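Engineer: Sharing model17.txt (compact mmCIF, C-alpha atoms and all ligand atoms) below.
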# COMPACT_ATOMS: atom_id res chain seq x y z
CA MET A 1 30.19 -7.29 -21.10
CA TYR A 2 28.92 -6.95 -17.59
CA ARG A 3 31.56 -6.35 -15.04
CA SER A 4 31.24 -7.92 -11.70
CA ILE A 5 32.01 -5.35 -9.14
CA LEU A 6 31.24 -4.64 -5.56
CA LEU A 7 28.64 -1.98 -5.37
CA SER A 8 27.83 -0.38 -2.15
CA PHE A 9 25.90 2.74 -1.69
CA VAL A 10 24.53 4.99 0.90
CA ILE A 11 21.40 6.65 -0.16
CA ALA A 12 20.49 9.80 1.60
CA ALA A 13 17.25 10.63 0.00
CA THR A 14 15.30 13.54 1.19
CA ALA A 15 12.70 15.11 -0.98
CA CYS A 16 12.63 12.71 -3.85
CA LYS A 17 10.22 9.84 -3.86
CA VAL A 18 12.58 7.64 -5.72
CA GLY A 19 15.12 7.84 -2.99
CA ALA A 20 15.62 5.15 -0.50
CA ASN A 21 16.83 5.55 3.01
CA SER A 22 19.40 2.91 3.21
CA ALA A 23 20.57 -0.13 1.48
CA SER A 24 23.81 -1.88 1.04
CA ALA A 25 24.86 -5.20 -0.21
CA ALA A 26 27.29 -6.97 -2.39
CA ASN A 27 26.44 -6.56 -5.99
CA THR A 28 27.73 -9.03 -8.46
CA ASN A 29 27.22 -9.18 -12.16
CA ALA A 30 25.43 -5.90 -12.22
CA THR A 31 24.85 -3.39 -14.91
CA LEU A 32 25.56 -0.60 -12.50
CA THR A 33 29.24 -0.25 -12.44
CA THR A 34 30.41 1.96 -9.69
CA SER A 35 29.93 3.08 -6.16
CA VAL A 36 27.21 5.59 -5.87
CA SER A 37 25.68 7.83 -3.35
CA VAL A 38 22.44 9.49 -4.12
CA ALA A 39 21.34 12.64 -2.46
CA SER A 40 18.26 13.76 -4.22
CA GLY A 41 15.97 16.66 -3.88
CA THR A 42 18.30 18.87 -5.81
CA GLY A 43 15.56 19.84 -8.17
CA THR A 44 17.36 18.46 -11.14
CA ILE A 45 14.32 16.35 -11.83
CA THR A 46 11.18 18.27 -11.37
CA SER A 47 8.50 17.90 -13.92
CA ASP A 48 7.68 17.03 -17.45
CA THR A 49 4.47 18.80 -18.04
CA SER A 50 4.82 20.09 -21.54
CA GLY A 51 3.46 18.42 -24.58
CA ALA A 52 0.46 16.26 -25.10
CA THR A 53 0.65 13.05 -23.20
CA THR A 54 -0.94 10.09 -24.79
CA GLY A 55 0.32 7.67 -22.24
CA PRO A 56 -1.35 6.79 -18.99
CA ILE A 57 1.20 8.35 -16.73
CA PRO A 58 0.92 11.80 -15.24
CA THR A 59 4.52 12.80 -15.64
CA THR A 60 4.76 15.43 -12.98
CA GLN A 61 7.09 14.49 -10.22
CA GLY A 62 5.18 15.64 -7.22
CA ALA A 63 7.22 16.89 -4.31
CA ALA A 64 7.09 14.35 -1.59
CA PRO A 65 7.12 15.77 1.88
CA GLY A 66 9.66 13.50 3.40
CA SER A 67 10.98 10.39 1.87
CA PRO A 68 9.39 7.03 2.11
CA ALA A 69 10.90 4.87 4.75
CA ASN A 70 12.26 2.07 2.71
CA THR A 71 13.89 -0.71 4.51
CA GLY A 72 13.43 -3.17 1.75
CA GLY A 73 15.93 -5.54 0.56
CA ALA A 74 18.96 -5.46 -0.42
CA GLU A 75 17.84 -9.38 -6.71
CA GLY A 76 22.38 -26.39 -35.75
CA ALA A 77 20.82 -28.88 -37.15
CA SER A 78 17.51 -28.64 -38.90
CA ASN A 79 14.42 -30.43 -37.79
CA THR A 80 11.74 -30.70 -40.36
CA SER A 81 9.79 -33.53 -38.91
CA GLY A 82 6.20 -33.30 -37.90
CA SER A 83 3.03 -33.43 -39.86
CA LEU A 84 1.53 -30.37 -41.43
CA THR A 85 -1.77 -29.05 -40.34
CA ALA A 86 -3.93 -28.31 -43.29
CA THR A 87 -5.53 -25.06 -42.27
CA GLY A 88 -4.86 -21.90 -40.39
CA THR A 89 -7.35 -22.71 -37.74
CA PRO A 90 -6.29 -23.18 -34.16
CA SER A 91 -4.72 -26.55 -33.77
CA THR A 92 -4.37 -26.58 -30.02
CA GLN A 93 -7.46 -25.90 -28.04
CA SER A 94 -6.78 -27.99 -25.00
CA GLY A 95 -3.64 -26.18 -24.00
CA ALA A 96 -1.67 -29.37 -24.12
CA ALA A 97 1.42 -29.59 -26.24
CA ASN A 98 0.24 -30.57 -29.69
CA PRO A 99 2.62 -32.75 -31.71
CA ASN A 100 0.78 -31.74 -34.86
CA ARG A 101 2.01 -28.19 -34.64
CA VAL A 102 5.04 -28.14 -36.88
CA PRO A 103 8.09 -27.00 -34.95
CA ASN A 104 9.55 -23.76 -36.23
CA GLU A 105 12.09 -22.12 -34.01
CA MET A 106 12.79 -19.45 -36.61
CA GLY A 107 9.24 -18.11 -36.29
CA ARG A 108 7.91 -14.98 -34.66
CA ILE A 109 7.29 -14.43 -30.96
CA MET A 110 4.63 -12.11 -29.55
CA VAL A 111 5.71 -9.56 -26.95
CA LEU A 112 2.52 -8.35 -25.30
CA GLU A 113 2.31 -4.88 -23.81
CA TYR A 114 0.04 -4.30 -20.82
CA HIS A 115 -0.53 -1.27 -18.64
CA LEU A 116 -3.31 -1.13 -16.05
CA ILE A 117 -5.21 -4.26 -15.00
CA THR A 118 -8.40 -2.67 -13.75
CA ASP A 119 -12.18 -2.36 -13.97
CA HIS A 120 -12.52 -1.28 -17.59
CA ASN A 121 -10.97 -1.73 -21.01
CA ALA A 122 -9.14 1.11 -22.73
CA ASP A 123 -6.01 1.70 -24.75
CA TYR A 124 -3.94 1.57 -21.59
CA ALA A 125 -6.20 -0.55 -19.43
CA ARG A 126 -7.30 -4.18 -19.44
CA GLU A 127 -10.38 -5.17 -17.51
CA ARG A 128 -9.61 -7.91 -14.98
CA GLY A 129 -11.95 -10.53 -16.42
CA GLN A 130 -10.59 -9.76 -19.87
CA PHE A 131 -7.04 -10.17 -18.61
CA ARG A 132 -7.98 -13.57 -17.24
CA LYS A 133 -9.50 -14.43 -20.63
CA ASP A 134 -6.26 -13.38 -22.30
CA LEU A 135 -4.40 -15.92 -20.19
CA GLU A 136 -6.99 -18.61 -20.98
CA LEU A 137 -6.82 -17.83 -24.68
CA LEU A 138 -3.06 -17.95 -24.87
CA TYR A 139 -2.90 -21.13 -22.83
CA SER A 140 -5.50 -22.91 -24.92
CA ARG A 141 -3.80 -21.90 -28.16
CA GLY A 142 -0.50 -23.40 -27.03
CA TYR A 143 1.37 -20.42 -25.61
CA ARG A 144 3.45 -20.34 -22.45
CA PRO A 145 5.10 -17.29 -20.91
CA VAL A 146 8.85 -16.75 -21.03
CA ASN A 147 11.04 -13.88 -19.93
CA MET A 148 12.85 -11.66 -22.39
CA SER A 149 16.08 -12.86 -20.82
CA ASP A 150 15.11 -16.42 -21.84
CA VAL A 151 14.77 -15.18 -25.41
CA LEU A 152 18.15 -13.45 -25.25
CA ASP A 153 19.78 -16.52 -23.78
CA LYS A 154 17.96 -18.83 -26.23
CA LYS A 155 16.53 -20.78 -23.31
CA LEU A 156 13.09 -21.38 -24.76
CA ASP A 157 12.87 -24.91 -23.52
CA LEU A 158 9.19 -25.57 -24.04
CA PRO A 159 7.69 -28.98 -24.78
CA ARG A 160 7.25 -29.81 -28.45
CA GLY A 161 4.34 -28.02 -30.04
CA LEU A 162 4.19 -25.09 -27.62
CA SER A 163 5.01 -21.45 -28.36
CA PRO A 164 6.64 -18.82 -26.18
CA VAL A 165 4.98 -15.48 -25.43
CA VAL A 166 6.55 -12.55 -23.58
CA PHE A 167 4.32 -10.51 -21.30
CA VAL A 168 5.50 -6.98 -20.53
CA PHE A 169 3.79 -4.83 -17.94
CA ASP A 170 4.66 -1.14 -18.11
CA ASP A 171 4.47 1.63 -15.54
CA ALA A 172 4.61 -0.20 -12.18
CA SER A 173 1.04 0.61 -11.18
CA PRO A 174 -0.72 -0.66 -8.05
CA GLU A 175 -3.31 -2.11 -10.43
CA GLN A 176 -0.63 -4.59 -11.45
CA PHE A 177 0.63 -5.41 -7.96
CA ARG A 178 -1.26 -4.48 -4.82
CA TYR A 179 -0.87 -5.68 -1.27
CA ILE A 180 -3.60 -6.03 1.30
CA ASP A 181 -2.60 -5.65 4.93
CA ASN A 182 -4.33 -8.52 6.69
CA ASN A 183 -3.68 -7.88 10.36
CA GLY A 184 -0.05 -7.16 9.76
CA LYS A 185 0.42 -9.85 7.16
CA LEU A 186 0.85 -8.60 3.63
CA GLU A 187 -1.13 -10.55 1.07
CA ILE A 188 -1.26 -10.05 -2.67
CA ASP A 189 -4.56 -8.50 -3.68
CA PRO A 190 -6.34 -11.14 -5.79
CA THR A 191 -7.88 -8.36 -7.88
CA SER A 192 -4.49 -6.97 -8.93
CA GLY A 193 -2.75 -8.23 -12.05
CA ILE A 194 -0.33 -10.41 -10.12
CA GLY A 195 -3.21 -11.78 -8.04
CA ILE A 196 -5.08 -12.82 -11.18
CA TRP A 197 -1.92 -14.32 -12.66
CA LEU A 198 -1.22 -16.41 -9.55
CA ASP A 199 -4.81 -17.63 -9.40
CA PHE A 200 -4.62 -18.71 -13.04
CA LYS A 201 -1.39 -20.55 -12.31
CA LYS A 202 -3.10 -22.60 -9.60
CA THR A 203 -5.13 -24.44 -12.22
CA HIS A 204 -2.47 -24.25 -14.95
CA PRO A 205 0.71 -25.45 -13.25
CA ASP A 206 2.85 -25.24 -16.39
CA TRP A 207 2.08 -21.52 -16.60
CA ASN A 208 5.34 -20.21 -15.19
CA ASN A 209 5.96 -16.95 -13.39
CA LYS A 210 7.58 -15.30 -16.38
CA ALA A 211 6.77 -11.73 -17.34
CA VAL A 212 8.74 -8.52 -17.65
CA PHE A 213 7.90 -5.57 -15.44
CA CYS A 214 9.13 -2.25 -16.81
CA LEU A 215 9.35 -0.13 -13.72
CA LEU A 216 9.05 3.50 -12.79
CA SER A 217 10.42 4.44 -9.40
CA GLY A 218 9.61 8.11 -9.18
CA ALA A 219 6.42 8.93 -11.01
CA SER A 220 3.30 10.39 -9.48
CA ALA A 221 -0.13 8.81 -9.04
CA GLY A 222 1.29 5.65 -7.53
CA HIS A 223 3.51 4.78 -10.47
CA ASN A 224 6.37 4.30 -8.11
CA PHE A 225 7.25 0.65 -7.72
CA PHE A 226 3.53 -0.22 -7.64
CA GLY A 227 2.22 2.43 -5.32
CA ASP A 228 3.26 4.76 -2.56
CA ARG A 229 1.92 7.26 -0.06
CA GLY A 230 -1.36 5.47 0.51
CA ILE A 231 -2.47 5.42 -3.11
CA GLN A 232 -4.86 2.47 -3.46
CA GLY A 233 -3.92 1.60 0.09
CA GLN A 234 -0.30 1.03 -0.81
CA LYS A 235 2.38 2.05 1.65
CA SER A 236 5.63 3.54 0.49
CA ASN A 237 7.64 1.05 2.47
CA TRP A 238 6.08 -1.84 0.58
CA ARG A 239 7.65 -0.75 -2.68
CA PHE A 240 11.00 -2.50 -2.50
CA ARG A 241 9.38 -5.61 -1.12
CA LYS A 242 7.17 -5.86 -4.22
CA VAL A 243 10.03 -5.42 -6.63
CA LYS A 244 12.08 -8.02 -4.79
CA TRP A 245 9.12 -10.40 -4.68
CA LEU A 246 8.89 -10.23 -8.46
CA ALA A 247 12.57 -10.97 -8.93
CA ASP A 248 12.53 -13.73 -6.33
CA ASN A 249 9.53 -15.41 -7.93
CA GLY A 250 10.80 -15.66 -11.48
CA PHE A 251 9.63 -12.42 -13.07
CA GLU A 252 11.99 -10.05 -14.87
CA LEU A 253 12.67 -6.41 -14.03
CA CYS A 254 13.07 -3.74 -16.69
CA ASP A 255 13.86 -0.01 -16.65
CA HIS A 256 11.16 2.40 -17.81
CA THR A 257 12.86 5.64 -16.61
CA LEU A 258 12.39 7.46 -13.34
CA TRP A 259 9.08 9.14 -14.07
CA HIS A 260 8.15 8.38 -17.65
CA ALA A 261 9.91 11.32 -19.23
CA GLN A 262 9.41 11.80 -22.95
CA LEU A 263 13.00 11.13 -23.82
CA ASN A 264 12.87 12.82 -27.23
CA LYS A 265 12.52 16.20 -25.54
CA TYR A 266 15.60 16.23 -23.38
CA PRO A 267 19.36 16.62 -23.68
CA ASP A 268 21.61 13.61 -23.42
CA ALA A 269 22.56 14.18 -19.80
CA PHE A 270 18.94 14.32 -18.70
CA VAL A 271 18.06 11.16 -20.61
CA GLN A 272 20.86 9.29 -18.89
CA GLU A 273 19.85 10.61 -15.48
CA GLN A 274 16.26 9.38 -16.00
CA ILE A 275 17.43 5.92 -16.93
CA ALA A 276 20.39 5.56 -14.59
CA ARG A 277 18.61 6.77 -11.47
CA ASN A 278 15.79 4.34 -12.11
CA ALA A 279 18.29 1.52 -12.57
CA LEU A 280 19.82 2.58 -9.30
CA ALA A 281 16.45 2.42 -7.57
CA ILE A 282 15.91 -1.10 -8.92
CA ASP A 283 19.35 -2.02 -7.63
CA SER A 284 18.37 -0.64 -4.25
CA ALA A 285 15.35 -2.92 -4.17
CA VAL A 286 17.20 -5.97 -5.51
CA PRO A 287 20.92 -5.48 -5.06
CA GLY A 288 22.94 -6.91 -7.87
CA TYR A 289 19.97 -7.47 -10.14
CA LYS A 290 21.11 -7.62 -13.76
CA ILE A 291 18.72 -5.53 -15.82
CA ARG A 292 18.52 -6.72 -19.42
CA SER A 293 15.96 -4.35 -20.87
CA MET A 294 14.33 -0.93 -20.90
CA ALA A 295 11.03 0.28 -22.32
CA LEU A 296 10.82 3.65 -24.02
CA PRO A 297 8.09 5.79 -22.42
CA GLN A 298 5.45 6.22 -25.12
CA GLY A 299 7.88 4.65 -27.54
CA LEU A 300 9.79 7.90 -27.86
CA TRP A 301 13.47 7.49 -28.59
CA PRO A 302 15.97 9.93 -27.17
CA LYS A 303 17.66 12.12 -29.77
CA ASN A 304 20.76 10.06 -29.21
CA ARG A 305 19.24 6.61 -29.58
CA ALA A 306 22.23 4.78 -28.21
CA LEU A 307 21.51 6.22 -24.78
CA ALA A 308 18.45 4.01 -24.44
CA SER A 309 20.67 0.99 -23.98
CA LYS A 310 23.95 2.38 -22.68
CA GLY A 311 24.93 5.44 -20.73
CA SER A 312 25.93 6.89 -17.41
CA TRP A 313 25.02 9.60 -14.98
CA THR A 314 27.15 11.36 -12.45
CA ASN A 315 25.54 12.56 -9.29
CA PRO A 316 26.44 16.25 -9.11
CA LYS A 317 26.49 16.20 -5.34
CA THR A 318 28.80 13.30 -4.85
CA GLY A 319 30.63 13.04 -8.12
CA LYS A 320 29.81 9.34 -8.24
CA THR A 321 28.89 7.82 -11.56
CA VAL A 322 26.26 5.18 -12.30
CA SER A 323 26.55 3.35 -15.62
CA TYR A 324 23.99 1.17 -17.33
CA SER A 325 24.12 -1.18 -20.29
CA TRP A 326 21.62 -3.71 -21.62
CA PRO A 327 20.70 -5.27 -24.97
CA VAL A 328 16.90 -4.87 -25.08
CA VAL A 329 14.94 -1.72 -25.87
CA PHE A 330 11.18 -2.23 -26.06
CA GLU A 331 9.19 -0.13 -28.50
CA VAL A 332 5.43 0.32 -28.10
CA ALA A 333 4.23 -1.40 -31.25
CA GLY A 334 5.42 -3.14 -34.38
CA GLY A 335 4.03 -6.67 -34.30
CA PRO A 336 5.68 -9.90 -33.20
CA MET A 337 9.44 -9.99 -32.79
CA ARG A 338 11.83 -12.24 -34.61
CA SER A 339 13.21 -15.44 -33.16
CA PRO A 340 16.57 -15.13 -31.44
CA TYR A 341 17.80 -17.68 -34.00
CA ASP A 342 16.83 -15.37 -36.86
CA PRO A 343 19.93 -13.51 -38.11
CA ALA A 344 17.80 -10.35 -38.22
CA PHE A 345 16.85 -10.62 -34.53
CA ASN A 346 17.51 -7.16 -33.12
CA PRO A 347 16.73 -6.83 -29.40
CA GLY A 348 17.86 -3.21 -29.47
CA MET A 349 14.57 -2.43 -31.22
CA THR A 350 12.13 -4.98 -29.86
CA PRO A 351 8.61 -4.50 -31.23
CA ARG A 352 5.57 -5.19 -29.06
CA ILE A 353 1.87 -5.79 -29.46
CA GLN A 354 -0.39 -3.44 -27.53
CA VAL A 355 -3.09 -5.49 -25.87
CA ILE A 356 -6.17 -3.63 -27.04
CA GLY A 357 -9.45 -5.27 -28.01
CA ASN A 358 -8.86 -8.65 -29.63
CA ALA A 359 -5.28 -7.87 -30.64
CA ILE A 360 -3.95 -11.10 -29.17
CA GLU A 361 -6.45 -13.40 -30.86
CA SER A 362 -6.12 -11.73 -34.23
CA MET A 363 -2.34 -11.95 -34.05
CA ILE A 364 -2.48 -15.62 -33.07
CA ASN A 365 -4.75 -16.29 -36.06
CA LYS A 366 -2.48 -14.35 -38.37
CA LEU A 367 0.61 -16.21 -37.20
CA GLU A 368 -1.10 -19.58 -37.52
CA GLN A 369 -2.37 -18.79 -41.00
CA SER A 370 1.06 -17.75 -42.18
CA SER A 371 2.82 -20.57 -40.29
CA ASN A 372 5.24 -17.95 -39.11
CA MET A 373 5.17 -18.43 -35.38
CA TYR A 374 7.77 -19.86 -33.12
CA ILE A 375 6.85 -23.43 -32.20
CA SER A 376 9.16 -25.47 -30.04
CA ASP A 377 10.43 -28.87 -31.08
CA GLY A 378 10.96 -29.85 -27.46
CA ASN A 379 14.66 -30.38 -28.03
CA PRO A 380 16.87 -27.64 -26.60
CA SER A 381 19.89 -28.82 -28.57
CA VAL A 382 18.25 -28.53 -31.99
CA VAL A 383 16.93 -25.44 -33.74
CA ALA A 384 13.85 -26.51 -35.67
CA ARG A 385 13.65 -24.76 -39.01
CA PRO A 386 10.75 -24.81 -41.41
CA ALA A 387 11.21 -27.14 -44.34
CA ALA A 388 12.97 -25.06 -46.98
CA SER A 389 11.19 -26.81 -49.82
CA LEU A 390 7.83 -25.99 -48.37
CA THR A 391 8.50 -22.37 -47.56
CA ALA A 392 10.16 -21.73 -50.90
CA ALA A 393 7.80 -23.62 -53.12
CA THR A 394 4.48 -22.75 -51.68
CA PRO A 395 4.29 -19.04 -51.29
CA GLY A 396 0.94 -17.87 -50.08
CA VAL A 397 -0.23 -21.36 -49.34
CA LYS A 398 -1.60 -21.79 -45.91
CA ARG A 399 0.12 -24.54 -44.10
ZN ZN B 1 4.88 3.57 -19.84
Take the structure in the file and write it out as structure tokens.
Ligand SMILES: [Zn+2]
Structural biologist:
Amino acid sequence: MYRSILLSFVIAATACKVGANSASAANTNATLTTSVSVASGTGTITSDTSGATTGPIPTTQGAAPGSPANTGGAEGASNTSGSLTATGTPSTQSGAANPNRVPNEMGRIMVLEYHLITDHNADYARERGQFRKDLELLYSRGYRPVNMSDVLDKKLDLPRGLSPVVFVFDDASPEQFRYIDNNGKLEIDPTSGIGIWLDFKKTHPDWNNKAVFCLLSGASAGHNFFGDRGIQGQKSNWRFRKVKWLADNGFELCDHTLWHAQLNKYPDAFVQEQIARNALAIDSAVPGYKIRSMALPQGLWPKNRALASKGSWTNPKTGKTVSYSWPVVFEVAGGPMRSPYDPAFNPGMTPRIQVIGNAIESMINKLEQSSNMYISDGNPSVVARPAASLTAATPGVKR
């Protein structure tokens, strides 16, 4: 499905922020399938200013006077054992694996959708202390983070009694990942989302660095690989370093288009350019990185839906073509997703849960009350299924 091919490219970016100055490396197992050379600033991507924008991203591609100097890197059987809990109340408060949670690897998995991690709560913003509380809540109720690629690969190897949760951070804002320049040494800002995450991990060692970052590489207002041109103190030449840091430290990278274009408004060629050029930028930051997912800006599908997961774009200046292909397309809402063991699992339309108010807690309660959440049996070689007699014979009964 994914061809291994040597990808080398010379990027001669000029006026476009997404461009990089130079990068080259061997690329194996990549979704990008051909040699490319990007010379931007042609004006083919200018702005997307029409229409009401409900999302957090100003979608105008501001003209950047000179390109950022990027030197960054080159990324069976059933198991019905276990006792039943009698109520829908939380059964795991300590955060430890709870053997009383009945394994069910056919159950639902929450995919949480975050945007800004900042100083207030809003539809597209989570206040820092609240974000920390989200992590505490999930941990204490028996959840541990996994990547979407782990779901796809069915590598949800959690101890018995624990449940996977997928975090997805959209829009590549500096609020998610900020550096502080400490006398020439770059340190992760403890008040940024990643900083809070890493601090939480210090006291919760089994909280792994697993979360999906759906990136923009050419949007305005700092939504360009977590900040550019001095926005929130972030230097343009830190961008690739951040993206590579994420990949190197266990997190997953995802395509969210170049500058958050509302894909329903554009012709096929434009849609593919938005997606492919962003994939190319990710490949510039982490050469060879295998992207497995994309998130639809504002949940808007392109007219030709198939282009969200597969397509190509040919650079008009060079004639070189960039192709992309991946299984996962994230929507903006829709509730918890199905287990990868569920025959109806459909990663091409992956629903998410917008983290607003107490959305996480109420969903946890709902899943516990319906006994319809994914709970690991601790045995990677066995798929734990709910007891058929119980599920069939006791409809509506809380287990
Ligand atoms: Zn977005």
Engineer: Any residue with an atom at most 12 Å from ligand ZN 1 (chain B) counts, using all atoms listed in the file. Which are they? Put them as a CSV table (one decimal) with C-alpha atoms, in the frame of the given file.
Structural biologist:
chain,number,residue,atom,x,y,z
A,53,THR,CA,0.6,13.0,-23.2
A,54,THR,CA,-0.9,10.1,-24.8
A,55,GLY,CA,0.3,7.7,-22.2
A,56,PRO,CA,-1.4,6.8,-19.0
A,57,ILE,CA,1.2,8.4,-16.7
A,58,PRO,CA,0.9,11.8,-15.2
A,59,THR,CA,4.5,12.8,-15.6
A,113,GLU,CA,2.3,-4.9,-23.8
A,114,TYR,CA,0.0,-4.3,-20.8
A,115,HIS,CA,-0.5,-1.3,-18.6
A,116,LEU,CA,-3.3,-1.1,-16.0
A,124,TYR,CA,-3.9,1.6,-21.6
A,125,ALA,CA,-6.2,-0.6,-19.4
A,168,VAL,CA,5.5,-7.0,-20.5
A,169,PHE,CA,3.8,-4.8,-17.9
A,170,ASP,CA,4.7,-1.1,-18.1
A,171,ASP,CA,4.5,1.6,-15.5
A,172,ALA,CA,4.6,-0.2,-12.2
A,173,SER,CA,1.0,0.6,-11.2
A,213,PHE,CA,7.9,-5.6,-15.4
A,214,CYS,CA,9.1,-2.2,-16.8
A,215,LEU,CA,9.4,-0.1,-13.7
A,216,LEU,CA,9.0,3.5,-12.8
A,217,SER,CA,10.4,4.4,-9.4
A,219,ALA,CA,6.4,8.9,-11.0
A,223,HIS,CA,3.5,4.8,-10.5
A,224,ASN,CA,6.4,4.3,-8.1
A,254,CYS,CA,13.1,-3.7,-16.7
A,255,ASP,CA,13.9,0.0,-16.6
A,256,HIS,CA,11.2,2.4,-17.8
A,257,THR,CA,12.9,5.6,-16.6
A,258,LEU,CA,12.4,7.5,-13.3
A,259,TRP,CA,9.1,9.1,-14.1
A,260,HIS,CA,8.2,8.4,-17.6
A,261,ALA,CA,9.9,11.3,-19.2
A,262,GLN,CA,9.4,11.8,-23.0
A,263,LEU,CA,13.0,11.1,-23.8
A,294,MET,CA,14.3,-0.9,-20.9
A,295,ALA,CA,11.0,0.3,-22.3
A,296,LEU,CA,10.8,3.6,-24.0
A,297,PRO,CA,8.1,5.8,-22.4
A,298,GLN,CA,5.4,6.2,-25.1
A,299,GLY,CA,7.9,4.6,-27.5
A,300,LEU,CA,9.8,7.9,-27.9
A,330,PHE,CA,11.2,-2.2,-26.1
A,331,GLU,CA,9.2,-0.1,-28.5
A,332,VAL,CA,5.4,0.3,-28.1
A,354,GLN,CA,-0.4,-3.4,-27.5
Engineer: With all atoms listed in the file as the atoms that count, which of A:Asp377, A:Asp123, A:Glu361, A:Asp228 lies nearest to Met110 (chain A)?
Structural biologist: A:Glu361
Engineer: What separation in Å, quoted to one decimal, exists between CA of Met106 (chain A) and CA of Leu367 (chain A)?
Structural biologist: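 Taking CA of Met106 (chain A) and CA of Leu367 (chain A), their separation equals 12.6 Å.
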Engineer: Could you jot down the CA of Asn183 (chain A) to CA of Lys244 (chain A) separation for me, Å, one decimal place?
Structural biologist: 21.9 Å
Engineer: Nearest residue to Ala359 (chain A) out of A:Lys242, A:Ile194, A:Pro336, A:Gln274, using only C-alpha atoms?
Structural biologist: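 Answer, going by the shortest atom-to-atom distance: A:Pro336.
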Engineer: Work out how far apart CA of Phe177 (chain A) and CA of Asp206 (chain A) are and give it in Å to one decimal.
Structural biologist: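 These atoms are spaced 21.7 Å apart.
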Engineer: Smallest atom-to-atom distance to Val383 (chain A): which of A:Asn365, A:Thr350, A:Ile109, A:Leu156, using all atoms listed in the file?
Structural biologist: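 Closest residue, counting all atoms listed in the file: A:Leu156.
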Engineer: Determine the nearest neighbour of Pro380 (chain A) from the options A:Asp134, A:Asp342, A:Asp119, A:Asp157, counting all atoms listed in the file.
Structural biologist: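 Smallest separation from Pro380 (chain A) among the options: A:Asp157.
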Engineer: Counting all atoms listed in the file, which of A:Ser163, A:Thr118, A:Asn358, A:Ser323 gets nearest to Ile375 (chain A)?
Structural biologist: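 Looking at the shortest contact to Ile375 (chain A), the residue is A:Ser163.
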Engineer: What would the list of residues within 6 Å of (15.3, -1.5, -27.8) (file frame) look like as a PyMOL selection string, if all atoms listed in the file are what count?
Structural biologist: chain A and resi 328-330+347-350
Engineer: Give as a PyMOL selection string the set of residues within 8 Å of the point (-12.2, -3.4, -26.4), where distances use the file's coordinates and all atoms listed in the file.
Structural biologist: chain A and resi 121-122+356-358
Engineer: Could you turn the residues from that selection into a file that holds C-alpha atoms, as a PDB file, in the frame of the given file?
Structural biologist:
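Everything below was put into selection37.pdb:
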ATOM      1  CA  ASN A 121     -10.970  -1.730 -21.010  1.00  0.00           C
ATOM      2  CA  ALA A 122      -9.140   1.110 -22.730  1.00  0.00           C
ATOM      3  CA  ILE A 356      -6.170  -3.630 -27.040  1.00  0.00           C
ATOM      4  CA  GLY A 357      -9.450  -5.270 -28.010  1.00  0.00           C
ATOM      5  CA  ASN A 358      -8.860  -8.650 -29.630  1.00  0.00           C
TER       6      ASN A 358
END
Engineer: Which residues, written as JSON, numbers by chain, have at least one atom at most 6 Å from Arg352 (chain A), with only C-alpha atoms counted and residues fewer than 3 positions away on the same chain left out?
Structural biologist: {"A": [111, 112, 332, 333, 334, 335]}
Engineer: Could you check the closest approach to Ile275 (chain A) for each of A:Lys310, A:Arg126, A:Arg292, A:Arg385 and tell me which residue wins, using all atoms listed in the file?
Structural biologist: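 Among the listed residues, A:Lys310 lies closest to Ile275 (chain A).
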